[in-house]
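final.txt follows; it contains compact mmCIF, C-alpha atoms.
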```txt
# COMPACT_ATOMS: atom_id res chain seq x y z
CA MET A 453 38.16 33.65 -33.53
CA MET A 454 36.27 33.51 -30.25
CA ILE A 455 36.28 37.32 -30.05
CA ASP A 456 34.74 37.56 -33.51
CA ILE A 457 32.02 35.12 -32.52
CA LEU A 458 31.23 37.15 -29.40
CA GLN A 459 31.09 40.41 -31.33
CA ASN A 460 28.87 39.08 -34.09
CA ASN A 461 26.49 37.26 -31.76
CA LYS A 462 25.98 39.63 -28.84
CA SER A 463 22.33 38.68 -28.27
CA GLU A 464 23.17 34.97 -28.39
CA VAL A 465 26.02 35.50 -25.93
CA ILE A 466 23.62 37.26 -23.57
CA VAL A 467 21.25 34.29 -23.79
CA ALA A 468 24.14 31.93 -23.09
CA ALA A 469 25.23 34.02 -20.10
CA ILE A 470 21.70 33.99 -18.69
CA LEU A 471 21.51 30.21 -19.07
CA ILE A 472 24.83 29.80 -17.26
CA ILE A 473 23.69 32.10 -14.45
CA ILE A 474 20.46 30.11 -14.12
CA ALA A 475 22.47 26.87 -13.96
CA ILE A 476 24.62 28.26 -11.15
CA ALA A 477 21.54 29.53 -9.31
CA LEU A 478 19.86 26.14 -9.65
CA TYR A 479 22.92 24.39 -8.29
CA VAL A 480 23.10 26.73 -5.27
CA PHE A 481 19.37 26.39 -4.66
CA SER A 482 19.59 22.61 -4.91
CA TYR A 483 22.47 22.52 -2.43
CA PHE A 484 20.71 24.60 0.23
CA PHE A 485 17.37 22.91 -0.42
CA LYS A 486 18.87 19.48 0.23
CA LYS A 487 20.63 20.70 3.34
CA ASN A 488 17.57 22.34 4.90
CA PHE A 489 15.23 19.59 3.76
CA ARG A 490 17.27 16.93 5.54
CA LYS A 491 17.19 18.86 8.80
CA LYS A 492 13.47 19.53 8.65
CA PHE A 493 12.34 16.07 7.59
CA THR A 494 14.55 13.91 9.78
CA GLY A 495 13.18 10.37 9.85
CA TYR A 496 12.15 10.30 6.18
CA GLU A 497 15.53 9.27 4.78
CA SER A 498 14.27 6.78 2.22
CA GLU A 499 11.65 9.21 0.88
CA TYR A 500 13.89 12.22 0.41
CA GLN A 501 16.68 10.13 -1.10
CA ASN A 502 14.34 9.42 -4.02
CA LEU A 503 13.43 13.10 -4.14
CA PHE A 504 17.07 14.25 -4.30
CA LYS A 505 17.88 11.65 -6.91
CA TYR A 506 15.41 13.17 -9.35
CA ILE A 507 16.48 16.72 -8.44
CA ASP A 508 20.03 15.83 -9.49
CA ARG A 509 18.79 14.26 -12.70
CA LEU A 510 16.77 17.35 -13.58
CA PHE A 511 19.78 19.57 -12.93
CA TRP A 512 21.95 17.60 -15.36
CA LEU A 513 19.14 17.58 -17.93
CA TYR A 514 19.08 21.34 -17.69
CA ILE A 515 22.84 21.43 -18.19
CA ILE A 516 22.47 19.36 -21.38
CA PHE A 517 19.70 21.68 -22.58
CA ALA A 518 21.76 24.79 -21.80
CA VAL A 519 24.82 23.42 -23.60
CA TYR A 520 22.69 22.68 -26.64
CA ILE A 521 21.15 26.17 -26.69
CA ILE A 522 24.53 27.86 -26.25
CA SER A 523 26.08 25.72 -28.98
CA TYR A 524 23.07 26.32 -31.25
CA TYR A 525 23.40 30.12 -31.13
CA VAL A 526 27.11 30.68 -30.54
CA PHE A 527 28.49 27.99 -32.81
CA ASN A 528 25.61 28.10 -35.35
CA LEU A 529 24.34 24.52 -35.13
CA GLU A 530 21.22 25.37 -37.05
CA GLY A 531 22.52 23.57 -40.11
CA ILE A 532 23.22 20.36 -38.19
CA THR A 533 19.82 20.53 -36.53
CA GLY A 534 18.15 21.03 -39.90
CA LYS A 535 19.90 17.99 -41.32
CA LEU A 536 18.79 15.87 -38.36
CA LYS A 537 15.22 17.03 -38.91
CA SER A 538 15.37 16.28 -42.62
CA PHE A 539 16.87 12.81 -42.16
CA LEU A 540 13.67 10.79 -41.92
CA LEU A 541 13.62 7.27 -40.56
CA ILE A 542 9.97 6.78 -41.53
CA ASP A 543 8.20 8.94 -44.09
CA ASN A 544 4.65 8.29 -45.27
CA ASP A 545 1.23 9.90 -45.30
CA LEU A 546 0.41 8.81 -41.77
CA PHE A 547 3.47 9.99 -39.85
CA LYS A 548 7.05 11.12 -40.18
CA ILE A 549 9.83 10.23 -37.78
CA SER A 550 13.23 11.87 -38.05
CA ILE A 551 16.43 11.41 -36.06
CA PHE A 552 15.86 14.79 -34.41
CA SER A 553 12.30 13.86 -33.35
CA VAL A 554 13.57 10.61 -31.82
CA ILE A 555 16.31 12.42 -29.86
CA PHE A 556 13.95 15.22 -28.80
CA SER A 557 11.23 12.73 -27.77
CA ALA A 558 13.71 10.71 -25.73
CA PHE A 559 14.90 13.89 -23.99
CA LYS A 560 11.34 14.99 -23.25
CA LEU A 561 10.42 11.49 -22.09
CA PHE A 562 13.25 11.42 -19.57
CA LEU A 563 12.58 15.05 -18.54
CA PHE A 564 8.89 14.54 -17.78
CA TYR A 565 9.62 11.15 -16.23
CA CYS A 566 11.88 12.88 -13.69
CA ILE A 567 9.37 15.70 -13.15
CA ILE A 568 6.54 13.23 -12.44
CA HIS A 569 8.63 11.29 -9.94
CA LEU A 570 9.91 14.49 -8.33
CA PHE A 571 6.42 15.94 -7.95
CA LYS A 572 4.77 12.79 -6.62
CA ASN A 573 7.57 12.16 -4.10
CA PHE A 574 7.50 15.79 -2.96
CA VAL A 575 3.72 15.68 -2.43
CA TYR A 576 4.03 12.35 -0.62
CA ILE A 577 6.67 13.63 1.81
CA ILE A 578 4.80 16.86 2.59
CA LEU A 579 1.49 15.09 3.28
CA LYS A 580 3.16 12.31 5.24
CA TYR A 581 5.00 14.93 7.32
CA LYS A 582 1.57 16.42 8.12
CA ASN A 583 0.38 12.98 9.36
CA ASN A 584 -1.85 12.49 6.33
CA GLU A 585 -0.29 9.26 5.09
CA VAL A 586 -3.53 7.89 3.64
CA THR A 587 -4.02 10.82 1.26
CA ALA A 588 -0.28 10.91 0.56
CA GLY A 589 -0.14 7.35 -0.76
CA SER A 590 -3.29 7.62 -2.86
CA LEU A 591 -2.35 11.01 -4.33
CA ARG A 592 1.11 9.72 -5.22
CA SER A 593 -0.43 6.84 -7.16
CA LEU A 594 -2.90 9.16 -8.89
CA ILE A 595 -0.16 11.58 -9.98
CA SER A 596 1.88 8.68 -11.31
CA ASN A 597 -1.00 7.16 -13.30
CA LEU A 598 -2.21 10.42 -14.86
CA GLY A 599 1.31 11.71 -15.44
CA PHE A 600 2.46 8.69 -17.41
CA LEU A 601 -0.75 8.68 -19.45
CA VAL A 602 -0.19 12.32 -20.47
CA LEU A 603 3.49 11.63 -21.10
CA PHE A 604 2.61 8.77 -23.44
CA VAL A 605 0.37 11.05 -25.50
CA LEU A 606 3.04 13.80 -25.65
CA VAL A 607 5.72 11.41 -26.86
CA LEU A 608 3.45 10.09 -29.62
CA SER A 609 2.77 13.67 -30.69
CA ASP A 610 6.49 14.56 -30.79
CA LEU A 611 7.19 11.52 -32.92
CA GLY A 612 4.78 12.89 -35.52
CA ILE A 613 2.04 10.34 -34.97
CA ASN A 614 -1.24 12.14 -35.71
CA TRP A 615 -4.90 11.25 -35.35
CA LYS A 616 -5.00 9.76 -38.85
CA LEU A 617 -2.95 6.91 -37.50
CA LEU A 618 -4.45 6.84 -34.01
CA VAL A 619 -8.03 6.35 -35.23
CA PRO A 620 -7.38 3.02 -37.00
CA LEU A 621 -5.07 2.03 -34.16
CA ALA A 622 -7.87 2.75 -31.71
CA GLY A 623 -10.17 0.50 -33.72
CA ALA A 624 -7.60 -2.25 -33.78
CA LEU A 625 -6.96 -1.67 -30.10
CA GLY A 626 -10.68 -2.07 -29.40
CA ILE A 627 -10.65 -5.46 -31.08
CA GLY A 628 -7.49 -6.36 -29.19
CA ILE A 629 -9.08 -5.38 -25.92
CA GLY A 630 -12.00 -7.68 -26.62
CA ILE A 631 -9.71 -10.57 -27.50
CA GLY A 632 -6.29 -10.40 -25.90
CA ILE A 633 -5.74 -7.51 -23.51
CA GLN A 634 -9.13 -7.19 -21.90
CA ASP A 635 -7.79 -8.06 -18.46
CA ILE A 636 -4.90 -5.60 -18.78
CA MET A 637 -7.14 -2.68 -19.69
CA ASN A 638 -9.67 -3.74 -17.07
CA ASN A 639 -6.99 -3.62 -14.38
CA TYR A 640 -5.71 -0.28 -15.68
CA MET A 641 -9.14 1.39 -15.63
CA SER A 642 -9.94 -0.23 -12.29
CA GLY A 643 -6.87 1.50 -10.85
CA PHE A 644 -8.29 4.89 -11.87
CA ILE A 645 -11.70 3.97 -10.45
CA LEU A 646 -10.14 3.05 -7.11
CA LEU A 647 -8.14 6.28 -6.91
CA PHE A 648 -10.93 8.62 -7.98
CA THR A 649 -13.71 7.02 -5.90
CA ARG A 650 -11.35 6.55 -2.91
CA ARG A 651 -12.95 3.19 -2.16
CA LEU A 652 -9.44 1.91 -1.61
CA LYS A 653 -6.52 3.93 -0.29
CA VAL A 654 -2.91 3.26 0.59
CA GLY A 655 -2.85 2.24 4.25
CA ASP A 656 -6.33 0.68 4.24
CA VAL A 657 -6.75 -2.66 5.98
CA VAL A 658 -8.65 -5.04 3.69
CA GLU A 659 -9.80 -8.63 3.42
CA ILE A 660 -10.42 -10.27 0.05
CA GLU A 661 -10.68 -13.76 -1.34
CA GLY A 662 -7.45 -15.46 -2.30
CA ASN A 663 -4.40 -17.42 -1.18
CA ALA A 664 -2.56 -15.75 1.68
CA GLY A 665 0.57 -17.96 1.52
CA ARG A 666 0.10 -21.69 1.85
CA ALA A 667 3.86 -22.25 1.62
CA VAL A 668 4.30 -20.69 5.08
CA GLY A 669 1.41 -22.66 6.58
CA ASN A 670 -1.37 -20.11 6.10
CA LYS A 671 -4.39 -22.17 5.08
CA LEU A 672 -6.93 -19.35 5.08
CA GLU A 673 -8.92 -18.78 1.90
CA THR A 674 -8.89 -15.02 2.40
CA ILE A 675 -6.17 -12.36 2.21
CA TYR A 676 -6.06 -10.02 5.18
CA GLY A 677 -3.54 -7.20 5.20
CA ARG A 678 -2.65 -3.56 4.62
CA VAL A 679 -2.59 -1.86 1.22
CA GLU A 680 1.01 -0.82 0.50
CA SER A 681 0.63 0.65 -2.99
CA ILE A 682 -1.85 1.06 -5.86
CA ASP A 683 0.00 0.83 -9.18
CA LEU A 684 -1.11 1.01 -12.81
CA PHE A 685 -2.39 -2.56 -12.98
CA ASN A 686 -2.01 -4.11 -9.52
CA THR A 687 -2.39 -3.38 -5.83
CA VAL A 688 0.15 -4.67 -3.32
CA VAL A 689 -1.23 -5.99 0.00
CA LEU A 690 1.07 -6.84 2.92
CA ASN A 691 -0.34 -9.63 5.07
CA LEU A 692 0.35 -10.61 8.68
CA ASP A 693 3.21 -12.93 7.72
CA GLY A 694 5.12 -10.13 5.98
CA ILE A 695 4.22 -11.48 2.52
CA GLU A 696 3.51 -8.96 -0.24
CA ILE A 697 0.56 -10.16 -2.31
CA ILE A 698 0.03 -8.65 -5.77
CA VAL A 699 -3.71 -8.38 -6.43
CA PRO A 700 -5.16 -7.26 -9.81
CA ASN A 701 -7.01 -3.95 -9.51
CA SER A 702 -10.10 -5.46 -11.13
CA GLN A 703 -10.53 -7.77 -8.14
CA PHE A 704 -11.24 -4.74 -5.94
CA THR A 705 -13.90 -3.39 -8.31
CA GLY A 706 -15.54 -6.64 -9.44
CA GLN A 707 -15.67 -8.65 -6.21
CA GLN A 708 -16.66 -8.20 -2.59
CA VAL A 709 -13.97 -6.47 -0.55
CA VAL A 710 -14.00 -5.97 3.22
CA ASN A 711 -12.39 -2.60 3.91
CA TYR A 712 -11.89 -2.19 7.66
CA SER A 713 -10.83 1.46 7.31
CA LEU A 714 -12.94 2.90 4.49
CA SER A 715 -14.64 5.82 6.26
CA THR A 716 -13.29 5.32 9.77
CA SER A 717 -10.37 3.36 11.17
CA GLU A 718 -12.08 2.54 14.50
CA VAL A 719 -13.46 -1.00 14.57
CA ARG A 720 -14.74 -3.30 17.30
CA ILE A 721 -13.20 -6.69 17.94
CA ARG A 722 -14.64 -9.61 19.91
CA ILE A 723 -12.52 -11.77 22.19
CA PRO A 724 -14.30 -14.92 23.47
CA PHE A 725 -13.88 -16.35 26.99
CA GLY A 726 -15.27 -19.45 28.68
CA VAL A 727 -15.34 -20.06 32.46
CA SER A 728 -16.70 -22.78 34.70
CA TYR A 729 -20.33 -22.85 35.88
CA SER A 730 -19.21 -22.22 39.45
CA SER A 731 -17.97 -18.73 38.50
CA ASP A 732 -19.75 -15.51 39.34
CA PRO A 733 -20.66 -13.82 36.00
CA ASN A 734 -20.41 -10.30 37.46
CA GLU A 735 -16.96 -11.01 38.82
CA VAL A 736 -15.84 -12.32 35.42
CA LYS A 737 -17.21 -9.18 33.81
CA ASP A 738 -15.30 -6.91 36.20
CA ILE A 739 -12.03 -8.78 35.62
CA LEU A 740 -12.32 -8.63 31.83
CA LEU A 741 -13.13 -4.90 31.87
CA LYS A 742 -10.17 -4.28 34.14
CA VAL A 743 -7.89 -6.18 31.74
CA ALA A 744 -9.17 -4.14 28.81
CA SER A 745 -8.68 -0.84 30.65
CA LYS A 746 -5.00 -1.64 31.29
CA ASN A 747 -4.22 -2.32 27.62
CA LEU A 748 -2.95 0.85 25.92
CA GLN A 749 -3.87 -0.40 22.44
CA ILE A 750 -7.58 -0.46 23.27
CA LEU A 751 -9.46 2.81 22.83
CA LYS A 752 -11.06 4.34 25.91
CA LYS A 753 -14.00 5.67 23.88
CA PRO A 754 -16.26 3.88 23.08
CA ASP A 755 -15.96 1.97 26.34
CA PRO A 756 -15.15 -1.76 26.30
CA ILE A 757 -18.10 -3.96 27.24
CA VAL A 758 -18.65 -7.61 28.17
CA TRP A 759 -21.49 -9.70 26.79
CA PHE A 760 -22.77 -12.82 28.56
CA LYS A 761 -23.06 -14.72 25.31
CA GLU A 762 -24.46 -18.12 26.31
CA MET A 763 -24.53 -20.95 28.82
CA GLY A 764 -22.67 -23.58 26.88
CA ASP A 765 -22.37 -27.32 27.34
CA SER A 766 -19.36 -27.05 29.61
CA SER A 767 -18.85 -23.35 30.30
CA LEU A 768 -20.33 -19.91 30.68
CA ASN A 769 -19.31 -18.06 27.54
CA PHE A 770 -18.53 -14.34 27.42
CA ASP A 771 -17.37 -11.90 24.72
CA LEU A 772 -15.06 -8.98 25.50
CA LEU A 773 -15.86 -6.27 22.96
CA CYS A 774 -13.37 -3.42 22.58
CA TRP A 775 -12.57 -0.75 20.00
CA VAL A 776 -9.19 -0.29 18.33
CA ASN A 777 -7.68 1.87 15.60
CA ILE A 778 -7.22 -0.68 12.82
CA ARG A 779 -4.71 1.46 10.89
CA PHE A 780 -2.27 1.44 13.79
CA LEU A 781 -3.17 -2.01 15.07
CA TRP A 782 -3.91 -4.08 11.99
CA LYS A 783 -2.08 -7.07 13.50
CA ILE A 784 -4.99 -7.95 15.78
CA ASN A 785 -3.59 -11.30 16.91
CA SER A 786 -0.90 -9.65 19.04
CA LEU A 787 -3.53 -7.68 20.97
CA ILE A 788 -5.71 -10.78 21.51
CA SER A 789 -2.65 -12.66 22.78
CA ASP A 790 -1.85 -9.91 25.29
CA ILE A 791 -5.45 -9.90 26.53
CA TYR A 792 -5.47 -13.67 27.01
CA PHE A 793 -2.13 -13.64 28.85
CA THR A 794 -3.27 -11.00 31.33
CA ALA A 795 -6.80 -12.36 31.77
CA TRP A 796 -5.61 -15.90 32.48
CA TYR A 797 -3.56 -14.81 35.50
CA ASP A 798 -6.26 -12.44 36.79
CA LEU A 799 -8.94 -15.11 36.54
CA LYS A 800 -6.70 -17.68 38.21
CA GLU A 801 -6.03 -15.26 41.07
CA LYS A 802 -9.79 -15.17 41.77
CA ASP A 803 -10.02 -19.00 41.53
CA ILE A 804 -12.02 -18.78 38.30
CA THR A 805 -11.12 -21.76 36.16
CA ILE A 806 -11.25 -22.31 32.43
CA PRO A 807 -13.22 -25.57 32.01
CA PHE A 808 -12.53 -28.43 29.69
CA PRO A 809 -15.36 -30.18 27.77
CA GLN A 810 -17.39 -32.57 29.94
CA ASN A 811 -20.07 -35.16 29.10
CA ASP A 812 -22.57 -36.85 31.43
CA VAL A 813 -23.28 -40.52 30.59
CA TRP A 814 -26.82 -41.83 31.24
CA PHE A 815 -27.78 -45.48 31.02
CA LYS A 816 -31.20 -46.34 29.66
CA ASN A 817 -31.59 -49.55 31.75
CA ASN A 818 -31.38 -49.76 35.55
CA LEU A 819 -27.78 -50.72 36.12
CA LYS A 820 -26.55 -51.42 39.61
CA VAL A 821 -22.84 -51.42 40.20
CA GLU A 822 -21.79 -52.79 43.60
CA ILE A 823 -18.24 -51.58 43.68
CA ASP A 824 -17.88 -51.71 47.46
CA LYS A 825 -19.21 -55.28 47.66
CA LEU A 826 -16.91 -56.39 44.91
CA ALA A 827 -13.96 -54.82 46.65
CA THR A 828 -14.91 -56.57 49.94
CA ASN A 829 -15.13 -59.98 48.28
CA ASN A 830 -11.72 -59.46 46.76
CA ASP A 831 -10.28 -58.70 50.19
CA LYS A 832 -11.74 -61.94 51.65
CA SER A 833 -10.43 -64.18 48.93
CA PRO A 834 -7.78 -66.70 50.22
CA GLU A 835 -4.19 -65.86 49.55
CA PRO A 836 -2.38 -68.29 47.28
CA GLU A 837 0.01 -70.70 49.05
```
Representation of the structure as structure tokens:
Amino acid sequence: MMIDILQNNKSEVIVAAILIIIAIALYVFSYFFKKNFRKKFTGYESEYQNLFKYIDRLFWLYIIFAVYIISYYVFNLEGITGKLKSFLLIDNDLFKISIFSVIFSAFKLFLFYCIIHLFKNFVYIILKYKNNEVTAGSLRSLISNLGFLVLFVLVLSDLGINWKLLVPLAGALGIGIGIGIQDIMNNYMSGFILLFTRRLKVGDVVEIEGNAGRAVGNKLETIYGRVESIDLFNTVVLNLDGIEIIVPNSQFTGQQVVNYSLSTSEVRIRIPFGVSYSSDPNEVKDILLKVASKNLQILKKPDPIVWFKEMGDSSLNFDLLCWVNIRFLWKINSLISDIYFTAWYDLKEKDITIPFPQNDVWFKNNLKVEIDKLATNNDKSPEPE
């Protein structure tokens, strides 16, 4: 029986043989690709694990497709396929949905889902390997957002939903947007605005209004941290306490946002110092500049400088101004702590003290205090028997 099938369906057998050869070639290519990719991109284990996961899924999807094509031609499944197409779950003037369209749409959905994830992870790894992590994160989010939008439209088309149905749905959707899902659509469109205008990128260091984690003792009314991801509706910001804060995308387009790394990642920080009035200002300046020059996290260009800020109530106040790369040193507090530790010992070595607040008391009336006379009278007083 098998021989008769092969003789009567020579062209179909050739197609089946080609599909099998392609499957074997894909398997061999996948094997060597994984092997060489691991060696070349050592240190990116978590990234290429996701990449290989979707490669494997695509391979098995191809196997399913090849088995179907071979069975369709060799074993003449055209009749079964026709019955699945004719068995309609929904049949009206607006759209028709059959069992075959549901199965085919599900297959295409999973196929393009894997392709989108494979492509965005591949682009991310390549750009990150080339030390372009900022573009890598933003481009990955853009591919994901556009890819799923196109995939949604394709699935609707495969299910037989045409524009006759989409037009009234769009009208109803417009009303729904104005009433119930305005915030959702606002966040969704804000995500596209952020990605296309590049006003916010993955890896940016930002500060926005909001709660930064009162449960862990952070009482600030602003959120300061690094952008970890820009998703369809929300942006994830990692703050200094290791807390991931989910911020709606619309907050970045509708409110003031401080982006410390928008066009350049080099920013200047100010570290205040106060010393006693007996200190030599030039000597203080030299010590602070020497401390800054020793710290490897401070950029050499532009040069650090010291400002004599003011003569305060109890101290001479200075500001040490130095430049840092905020992308690599977004946890500024650790740098400030190191500067204070080193400066304290260097200032103490030169006998320069850090003063405490002092107040002079002046009496309006002439007040004479004879402490010595009072002490003498106490010494002359007779001792008790």
Query - Point-to-point distance in Å for atom CA of Ser767 of chain A and atom CA of Val719 of chain A - result: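 Rounded to one decimal, the two atoms are 27.9 Å apart.
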Using only C-alpha atoms, the shortest atom-to-atom distance to Met641 of chain A among A:Ile675, A:Ile516, A:Val657, A:Leu601 belongs to A:Leu601
_From (5.7, -7.3, -3.5), in the file's coordinates, out to 12 Å: which residues are reached, counting all atoms listed in the file? Answer as JSON, numbers by chain._
{"A": [679, 680, 681, 682, 683, 686, 687, 688, 689, 690, 691, 694, 695, 696, 697, 698, 699]}
Hey, can you spit out that residue selection with C-alpha atoms as a short mmCIF file (atom, residue, chain, number, x, y, z; two decimals), in the coordinates of the input?
```cif
data_model
loop_
_atom_site.label_atom_id
_atom_site.label_comp_id
_atom_site.auth_asym_id
_atom_site.auth_seq_id
_atom_site.Cartn_x
_atom_site.Cartn_y
_atom_site.Cartn_z
CA VAL A 679 -2.59 -1.86 1.22
CA GLU A 680 1.01 -0.82 0.50
CA SER A 681 0.63 0.65 -2.99
CA ILE A 682 -1.85 1.06 -5.86
CA ASP A 683 0.00 0.83 -9.18
CA ASN A 686 -2.01 -4.11 -9.52
CA THR A 687 -2.39 -3.38 -5.83
CA VAL A 688 0.15 -4.67 -3.32
CA VAL A 689 -1.23 -5.99 0.00
CA LEU A 690 1.07 -6.84 2.92
CA ASN A 691 -0.34 -9.63 5.07
CA GLY A 694 5.12 -10.13 5.98
CA ILE A 695 4.22 -11.48 2.52
CA GLU A 696 3.51 -8.96 -0.24
CA ILE A 697 0.56 -10.16 -2.31
CA ILE A 698 0.03 -8.65 -5.77
CA VAL A 699 -3.71 -8.38 -6.43
#
```
From the options A:Leu772, A:Ala664, A:Ala558, A:Val602, which residue's atoms come nearest to Leu692 of chain A, counting all atoms listed in the file?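 That would be A:Ala664, the residue with the smallest distance to Leu692 of chain A.
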Polymer residues at most 12 Å from (-4.1, 3.1, -2.8) by all atoms listed in the file, as a ChimeraX atom specification
/A:585-597,642-658,678-689,701,704,714
Do you have the atom CA of Asp765 of chain A-atom CA of Ile804 of chain A distance handy?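 Distance between the two atoms: 17.3 Å.
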ask   = When you draw a straight line from atom CA of Pro807 of chain A to atom CA of Gly726 of chain A, how long is it in Å?
value =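 Interatomic distance here is 7.3 Å.
Distance annotation: of A:Lys742, A:His569, A:Lys505, A:Lys560, the residue with the minimal separation from Phe517 of chain A is A:Lys560; atom set is all atoms listed in the file.
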